[in-house]
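J.: I'd like to ask some things about the structure below.
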Amino acid sequence: MNLDILNTEIQKYIDANLKSDIASLLLKGVPFNDIEAKTIIEQVEAKKRCEKKLPTWFNTDDIYYPNKLNIEQTSSEITATYKANLVSGESLIDLTGGFGIDAYYFSKQIDSVVHCEVDTELSSIVKHNYQALNASNIRCKNESGIDVLKQLDQPFDCIYIDPSRRDDSKKKVFLLSDCTPNIKTFQNLFLKYAKGVMIKTSPLLDLSATRSDLNHVKEIHVVAVNNEVKELLWLLERDYEGDVTIKSVNLQKDKIHNFEFNFENEVIADVKYSEPLNYLYEPNSAILKAGAFNSISEQLMLNKLHKHSHLYTSDALIDFPGRRFQIKKTLSFKKKVFAKEKISKANVTTRNFPISVSDIRKKLKIKDGGSTYLFFTTNLNDEKVILVCSKL
């Protein structure tokens, strides 16, 4: 960590080149002799990545940025804020602190936070940035979180851990047993020191399989931002043995869509099926990842089009955690039938359909875009149909 980076003139240079081409900057060089050009360019590149993901850091003076990989791996402010609202109490330890975004937001809810990071330079960067951010209730430990937990040998209200999803060769992994530290190995240790444990994992994990790897799971949160699933949160509670609640959330700029269910009810949910009615509903990505295919039908009193289509319909329009459409026509999937509609441009989606979107576009000569939405799917009679819709 070279604090000369925070020199006023260098900071002005970084800010002036946030929209510049990185390769061109490297070729051109920088107008400073005391610091290697690559070091300054890395700050430009890292800060540029933070503008939307980490606006608080981006807009705060004297922030020092780590390499771009650390920025890629860190939580966004919007997801960190969501996680912070799930914790309470006086003390929390973040065992895998990274760039410290989550710990910073936890510190707004918790009196005392410990941030653990094994990388010496990253730990120093985080400690410096917390001072710039006036986060005085966070202690930074440049050690393994597991070691710190054992050394402190004290109870915490909550333990948070986001295990590294990179192996020794820096390749991406996502299974719990392949991450560092191995959650399956240490989960009992975590529950020894804290009644509540929050684990952040890859959105690629299978919920049912991972649930069987963990003890005392109380809640699973599937967190999406603008309809893209970003992370899974596993909330463990010491001695908890009840049903697991799954909470799906889609965080958007102007609204938040929540939907809640549990595995047990999903299996026995009362689902009704019908032909397409007046309105069509497509669940957001968090609900689809959570697997609430039957629960959403039962809770919102919607009919499904087919067991495997995961599209829903109703006569009356309702509020819905996903996209809503008005159905204009239902067509059989036949080239001659579709040709009569003279639709040359449309947004195409497939659900439980044997042909890909690109092949459909070629076959039916449909350009992308416009205000018409076409859903190619299977109905309750196992017939292939096209739903011609307008978005609401």
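Here's how to read the names in the structure tokens: chain A, B, ... by the order shown, residue numbers from 1 in each chain, ligand numbers from 1 in the order shown.
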Write out as a PyMOL selection string which residues come within 12 Å of A:Val44 when counting only C-alpha atoms, dropping same-chain ones fewer than 5 positions away.
T.: chain A and resi 5+10-23+25-26+30+37-39+49-51+58+63-68
J.: Keeping only N, CA, C and O atoms, take the residues you just selected and write them out as a short mmCIF file (atom, residue, chain, number, x, y, z; two decimals), in the first residue's frame.
T.:
```cif
data_model
loop_
_atom_site.label_atom_id
_atom_site.label_comp_id
_atom_site.auth_asym_id
_atom_site.auth_seq_id
_atom_site.Cartn_x
_atom_site.Cartn_y
_atom_site.Cartn_z
N ILE A 5 -0.17 7.51 -3.28
CA ILE A 5 -1.29 7.48 -4.23
C ILE A 5 -2.33 8.54 -3.87
O ILE A 5 -3.03 9.08 -4.73
N ILE A 10 -2.18 13.37 -7.82
CA ILE A 10 -2.42 12.02 -8.35
C ILE A 10 -3.91 11.69 -8.31
O ILE A 10 -4.46 11.10 -9.24
N GLN A 11 -4.57 12.08 -7.23
CA GLN A 11 -6.01 11.85 -7.13
C GLN A 11 -6.77 12.61 -8.22
O GLN A 11 -7.73 12.10 -8.79
N LYS A 12 -6.32 13.82 -8.53
CA LYS A 12 -6.93 14.59 -9.61
C LYS A 12 -6.75 13.88 -10.95
O LYS A 12 -7.66 13.84 -11.79
N TYR A 13 -5.55 13.31 -11.15
CA TYR A 13 -5.27 12.57 -12.37
C TYR A 13 -6.18 11.35 -12.48
O TYR A 13 -6.74 11.07 -13.55
N ILE A 14 -6.33 10.62 -11.37
CA ILE A 14 -7.20 9.43 -11.36
C ILE A 14 -8.62 9.81 -11.73
O ILE A 14 -9.25 9.19 -12.60
N ASP A 15 -9.16 10.85 -11.09
CA ASP A 15 -10.53 11.28 -11.37
C ASP A 15 -10.72 11.77 -12.80
O ASP A 15 -11.76 11.55 -13.41
N ALA A 16 -9.68 12.41 -13.34
CA ALA A 16 -9.77 12.96 -14.70
C ALA A 16 -9.75 11.87 -15.76
O ALA A 16 -10.14 12.11 -16.91
N ASN A 17 -9.29 10.67 -15.38
CA ASN A 17 -9.13 9.60 -16.37
C ASN A 17 -10.05 8.40 -16.14
O ASN A 17 -9.82 7.33 -16.69
N LEU A 18 -11.09 8.60 -15.38
CA LEU A 18 -12.00 7.49 -15.09
C LEU A 18 -12.72 6.98 -16.34
O LEU A 18 -13.15 5.83 -16.39
N LYS A 19 -12.85 7.84 -17.34
CA LYS A 19 -13.52 7.42 -18.57
C LYS A 19 -12.53 7.13 -19.70
O LYS A 19 -12.93 6.87 -20.84
N SER A 20 -11.25 7.19 -19.38
CA SER A 20 -10.21 6.94 -20.40
C SER A 20 -10.04 5.45 -20.65
O SER A 20 -10.36 4.61 -19.80
N ASP A 21 -9.51 5.14 -21.81
CA ASP A 21 -9.20 3.75 -22.15
C ASP A 21 -7.94 3.31 -21.40
O ASP A 21 -6.90 3.98 -21.47
N ILE A 22 -8.05 2.22 -20.64
CA ILE A 22 -6.95 1.77 -19.79
C ILE A 22 -5.70 1.42 -20.61
O ILE A 22 -4.58 1.79 -20.25
N ALA A 23 -5.88 0.73 -21.72
CA ALA A 23 -4.74 0.35 -22.56
C ALA A 23 -4.02 1.58 -23.08
O ALA A 23 -2.78 1.63 -23.10
N LEU A 25 -3.91 4.53 -21.63
CA LEU A 25 -3.21 5.16 -20.50
C LEU A 25 -1.89 4.47 -20.23
O LEU A 25 -0.88 5.12 -19.94
N LEU A 26 -1.89 3.14 -20.31
CA LEU A 26 -0.65 2.39 -20.08
C LEU A 26 0.41 2.72 -21.12
O LEU A 26 1.60 2.84 -20.82
N VAL A 30 2.15 7.98 -17.23
CA VAL A 30 1.58 8.98 -16.32
C VAL A 30 2.61 10.08 -16.04
O VAL A 30 3.82 9.84 -16.11
N ALA A 37 3.72 3.69 -13.00
CA ALA A 37 2.51 3.99 -13.77
C ALA A 37 1.44 2.93 -13.57
O ALA A 37 0.25 3.24 -13.42
N LYS A 38 1.85 1.66 -13.53
CA LYS A 38 0.90 0.56 -13.38
C LYS A 38 0.09 0.70 -12.09
O LYS A 38 -1.12 0.41 -12.07
N THR A 39 0.73 1.15 -11.02
CA THR A 39 0.05 1.30 -9.73
C THR A 39 -1.06 2.35 -9.81
O THR A 39 -2.17 2.15 -9.29
N ARG A 49 -14.69 0.90 -11.52
CA ARG A 49 -15.60 -0.22 -11.27
C ARG A 49 -16.51 0.02 -10.06
O ARG A 49 -17.51 -0.67 -9.88
N CYS A 50 -16.14 1.00 -9.24
CA CYS A 50 -16.89 1.26 -8.01
C CYS A 50 -18.00 2.29 -8.16
O CYS A 50 -18.82 2.45 -7.25
N GLU A 51 -18.03 2.99 -9.28
CA GLU A 51 -18.96 4.11 -9.42
C GLU A 51 -20.40 3.72 -9.15
O GLU A 51 -21.13 4.41 -8.41
N PHE A 58 -16.81 5.48 -3.83
CA PHE A 58 -16.48 6.28 -5.01
C PHE A 58 -16.55 7.77 -4.70
O PHE A 58 -15.72 8.55 -5.19
N ILE A 63 -10.03 7.53 -0.45
CA ILE A 63 -10.24 6.08 -0.52
C ILE A 63 -9.12 5.46 -1.34
O ILE A 63 -8.75 5.95 -2.41
N TYR A 64 -8.59 4.36 -0.82
CA TYR A 64 -7.53 3.62 -1.51
C TYR A 64 -8.16 2.33 -2.04
O TYR A 64 -8.85 1.63 -1.31
N TYR A 65 -7.93 2.03 -3.31
CA TYR A 65 -8.60 0.88 -3.93
C TYR A 65 -7.65 -0.31 -4.07
O TYR A 65 -6.47 -0.15 -4.40
N PRO A 66 -8.18 -1.52 -3.87
CA PRO A 66 -7.39 -2.73 -4.09
C PRO A 66 -7.42 -3.10 -5.57
O PRO A 66 -7.93 -2.34 -6.39
N ASN A 67 -6.90 -4.28 -5.92
CA ASN A 67 -6.92 -4.68 -7.33
C ASN A 67 -8.35 -4.99 -7.77
O ASN A 67 -9.26 -5.17 -6.97
N LYS A 68 -8.54 -5.05 -9.08
CA LYS A 68 -9.89 -5.18 -9.63
C LYS A 68 -10.56 -6.50 -9.25
O LYS A 68 -11.80 -6.57 -9.16
#
```
J.: Going by DSSP on the backbone, which bits of stretch 163-380 of chain A are strand (DSSP E)? Write them as a PyMOL selection string, please.
T.: chain A and resi 194-201+217-225+228-237+245-251+256-262+272-273+279-283+303-304+312-314+322-332+345-351+367-378
J.: Can you list, as a count of residues only, every protein, DNA or RNA residue that comes within 9 Å of stretch 380-384 of chain A when you count only C-alpha atoms, leaving out same-chain residues fewer than 4 positions away?
T.: 13
J.: Record the distance separating atom CA of A:Val197 and atom CA of A:Glu237, expressed in Å with one decimal.
T.: 6.4 Å
J.: For stretch 280-292 of chain A, find every residue with an atom within 6 Å (counting only C-alpha atoms), except residues of its own chain fewer than 2 positions away, and show them as a list in words.
T.: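 These residues fall inside the cut-off: Val222, Ala224, Asn227, Val229, Ser248, Asn294, Ser295, Ile296, Leu311, Tyr312, Thr313, Gly322, Arg323, Arg324 and Phe325 of chain A.
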J.: Could those selected residues go to a file with N, CA and C atoms, as a PDB file, in the first residue's frame?
T.:
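For reference, out_2.pdb as written:
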```pdb
ATOM      1  N   VAL A 222     -32.583 -15.740  -1.122  1.00  0.00           N
ATOM      2  CA  VAL A 222     -32.124 -15.687  -2.514  1.00  0.00           C
ATOM      3  C   VAL A 222     -32.202 -14.232  -2.937  1.00  0.00           C
ATOM      4  N   ALA A 224     -31.530 -11.159  -5.479  1.00  0.00           N
ATOM      5  CA  ALA A 224     -31.298 -10.716  -6.855  1.00  0.00           C
ATOM      6  C   ALA A 224     -31.265  -9.193  -6.898  1.00  0.00           C
ATOM      7  N   ASN A 227     -33.217  -8.303 -11.197  1.00  0.00           N
ATOM      8  CA  ASN A 227     -33.579  -9.591 -11.773  1.00  0.00           C
ATOM      9  C   ASN A 227     -32.386 -10.487 -12.103  1.00  0.00           C
ATOM     10  N   VAL A 229     -29.755 -12.919 -10.033  1.00  0.00           N
ATOM     11  CA  VAL A 229     -29.439 -13.477  -8.718  1.00  0.00           C
ATOM     12  C   VAL A 229     -27.943 -13.284  -8.433  1.00  0.00           C
ATOM     13  N   SER A 248     -37.209 -15.008  -1.120  1.00  0.00           N
ATOM     14  CA  SER A 248     -36.641 -14.497  -2.371  1.00  0.00           C
ATOM     15  C   SER A 248     -36.852 -12.990  -2.404  1.00  0.00           C
ATOM     16  N   ASN A 294     -44.742 -23.936  -7.099  1.00  0.00           N
ATOM     17  CA  ASN A 294     -46.116 -24.255  -6.691  1.00  0.00           C
ATOM     18  C   ASN A 294     -46.639 -23.265  -5.649  1.00  0.00           C
ATOM     19  N   SER A 295     -45.757 -22.833  -4.754  1.00  0.00           N
ATOM     20  CA  SER A 295     -46.170 -21.933  -3.674  1.00  0.00           C
ATOM     21  C   SER A 295     -46.705 -20.619  -4.199  1.00  0.00           C
ATOM     22  N   ILE A 296     -46.087 -20.108  -5.257  1.00  0.00           N
ATOM     23  CA  ILE A 296     -46.535 -18.814  -5.784  1.00  0.00           C
ATOM     24  C   ILE A 296     -47.911 -18.937  -6.421  1.00  0.00           C
ATOM     25  N   LEU A 311     -45.103 -20.522 -15.786  1.00  0.00           N
ATOM     26  CA  LEU A 311     -45.806 -19.311 -16.199  1.00  0.00           C
ATOM     27  C   LEU A 311     -47.203 -19.398 -15.605  1.00  0.00           C
ATOM     28  N   TYR A 312     -47.757 -18.244 -15.252  1.00  0.00           N
ATOM     29  CA  TYR A 312     -49.009 -18.226 -14.489  1.00  0.00           C
ATOM     30  C   TYR A 312     -50.005 -17.291 -15.165  1.00  0.00           C
ATOM     31  N   THR A 313     -51.285 -17.512 -14.892  1.00  0.00           N
ATOM     32  CA  THR A 313     -52.315 -16.737 -15.579  1.00  0.00           C
ATOM     33  C   THR A 313     -53.502 -16.473 -14.661  1.00  0.00           C
ATOM     34  N   GLY A 322     -42.630 -10.008 -10.394  1.00  0.00           N
ATOM     35  CA  GLY A 322     -42.044 -10.388 -11.675  1.00  0.00           C
ATOM     36  C   GLY A 322     -42.668  -9.572 -12.781  1.00  0.00           C
ATOM     37  N   ARG A 323     -42.602 -10.069 -13.981  1.00  0.00           N
ATOM     38  CA  ARG A 323     -43.169  -9.335 -15.121  1.00  0.00           C
ATOM     39  C   ARG A 323     -44.630  -9.719 -15.336  1.00  0.00           C
ATOM     40  N   ARG A 324     -45.429  -8.728 -15.765  1.00  0.00           N
ATOM     41  CA  ARG A 324     -46.851  -8.938 -16.024  1.00  0.00           C
ATOM     42  C   ARG A 324     -47.172  -8.568 -17.479  1.00  0.00           C
ATOM     43  N   PHE A 325     -48.053  -9.347 -18.083  1.00  0.00           N
ATOM     44  CA  PHE A 325     -48.414  -9.121 -19.483  1.00  0.00           C
ATOM     45  C   PHE A 325     -49.918  -9.314 -19.676  1.00  0.00           C
TER      46      PHE A 325
END
```
J.: Listing only residues of stretch 48-139 of chain A within 12 Å of stretch 210-221 of chain A, what is the closest atom pair and its distance in Å (to one decimal) for each, using only C-alpha atoms, sorted by chain and residue number ascending, as CSV?
T.:
```
residue,atom,partner,partner_atom,distance
A:Thr79,CA,A:His221,CA,11.3
A:Tyr82,CA,A:His221,CA,10.3
A:Lys83,CA,A:His221,CA,9.5
A:Leu86,CA,A:His221,CA,10.1
```
J.: Please report, as JSON lines, each residue of stretch 162-219 of chain A lying at most 7 Å from stretch 149-157 of chain A, together with the nearest pair of atoms and the separation in Å rounded to one decimal; use only C-alpha atoms, and order rows by chain and ascending residue number.
T.:
```
{"residue": "A:Tyr193", "atom": "CA", "partner": "A:Pro155", "partner_atom": "CA", "distance": 4.7}
{"residue": "A:Ala194", "atom": "CA", "partner": "A:Phe156", "partner_atom": "CA", "distance": 4.9}
{"residue": "A:Lys195", "atom": "CA", "partner": "A:Asp157", "partner_atom": "CA", "distance": 6.3}
{"residue": "A:Gly196", "atom": "CA", "partner": "A:Asp157", "partner_atom": "CA", "distance": 6.4}
```
J.: Could you turn the residues from that selection into a file that holds C-alpha atoms, as an mmCIF file, in the first residue's frame?
T.:
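See again_33.cif below for the written result:
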```
data_model
loop_
_atom_site.group_PDB
_atom_site.id
_atom_site.type_symbol
_atom_site.label_atom_id
_atom_site.label_comp_id
_atom_site.auth_asym_id
_atom_site.auth_seq_id
_atom_site.Cartn_x
_atom_site.Cartn_y
_atom_site.Cartn_z
ATOM 1 C CA TYR A 193 -19.314 -18.885 19.409
ATOM 2 C CA ALA A 194 -22.503 -17.327 17.999
ATOM 3 C CA LYS A 195 -26.185 -18.140 18.206
ATOM 4 C CA GLY A 196 -26.634 -16.753 14.696
#
```
J.: Just want the 10 Å neighbourhood of A:Val126, counted on only C-alpha atoms, with same-chain residues fewer than 3 positions away dropped. Output as a PyMOL selection string.
T.: chain A and resi 63-66+97-101+104+115+117+121-123+129-132+140
J.: Skip A:Ser107 itself and residues of its chain fewer than 2 positions away, then list as a list in words all residues within 10 Å of it, counting only C-alpha atoms.
T.: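 Counting only the stated atoms, we get Ala84, Glu90, Ser91, Leu92, Asp102, Ala103, Tyr104, Tyr105, Gln109, Ile110, Asp111, Ser112, Val113, Val114, Ala135, Ser136, Asn137 and Ile138 of chain A.
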J.: Since we have the selection now, will you write its residues out, keeping C-alpha atoms, as a tab-separated table (two decimals), in the first residue's frame?
T.:
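The new file selection_21.tsv reads:
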```tsv
chain	number	residue	atom	x	y	z
A	84	ALA	CA	-27.19	-5.59	7.43
A	90	GLU	CA	-23.96	-5.81	20.02
A	91	SER	CA	-21.15	-7.83	18.41
A	92	LEU	CA	-20.37	-9.39	15.03
A	102	ASP	CA	-20.35	-5.99	4.34
A	103	ALA	CA	-18.55	-5.21	7.64
A	104	TYR	CA	-19.07	-1.48	7.06
A	105	TYR	CA	-22.83	-1.91	6.69
A	109	GLN	CA	-26.52	-2.01	12.92
A	110	ILE	CA	-24.04	-3.58	15.37
A	111	ASP	CA	-22.09	-1.79	18.14
A	112	SER	CA	-18.80	-3.66	17.66
A	113	VAL	CA	-17.59	-5.37	14.45
A	114	VAL	CA	-14.38	-7.34	13.86
A	135	ALA	CA	-16.33	3.83	10.74
A	136	SER	CA	-14.79	3.86	14.22
A	137	ASN	CA	-16.52	0.76	15.62
A	138	ILE	CA	-14.73	-1.75	13.35
```
J.: How many Å separate atom CA of A:Ile268 from atom CA of A:Ser314?
T.: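 Between atom CA of A:Ile268 and atom CA of A:Ser314 the gap is 21.4 Å.
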J.: Taking only C-alpha atoms into account, name the residue in A:Ile161, A:Leu300, A:Leu374, A:Ile41 that is nearest to A:Leu233.
T.: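 Nearest to A:Leu233: A:Ile161.
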J.: Between atom CA of A:Ser124 and atom CA of A:Asn142, what distance in Å does the model show, to one decimal?
T.: 8.1 Å
J.: List as number ranges by chain the protein and nucleic acid residues near A:Asp270, meaning an atom at most 10 Å away when only C-alpha atoms are counted, but skip any in the same chain fewer than 4 places from it.
T.: A: 265-266, 294-295, 297-299, 301
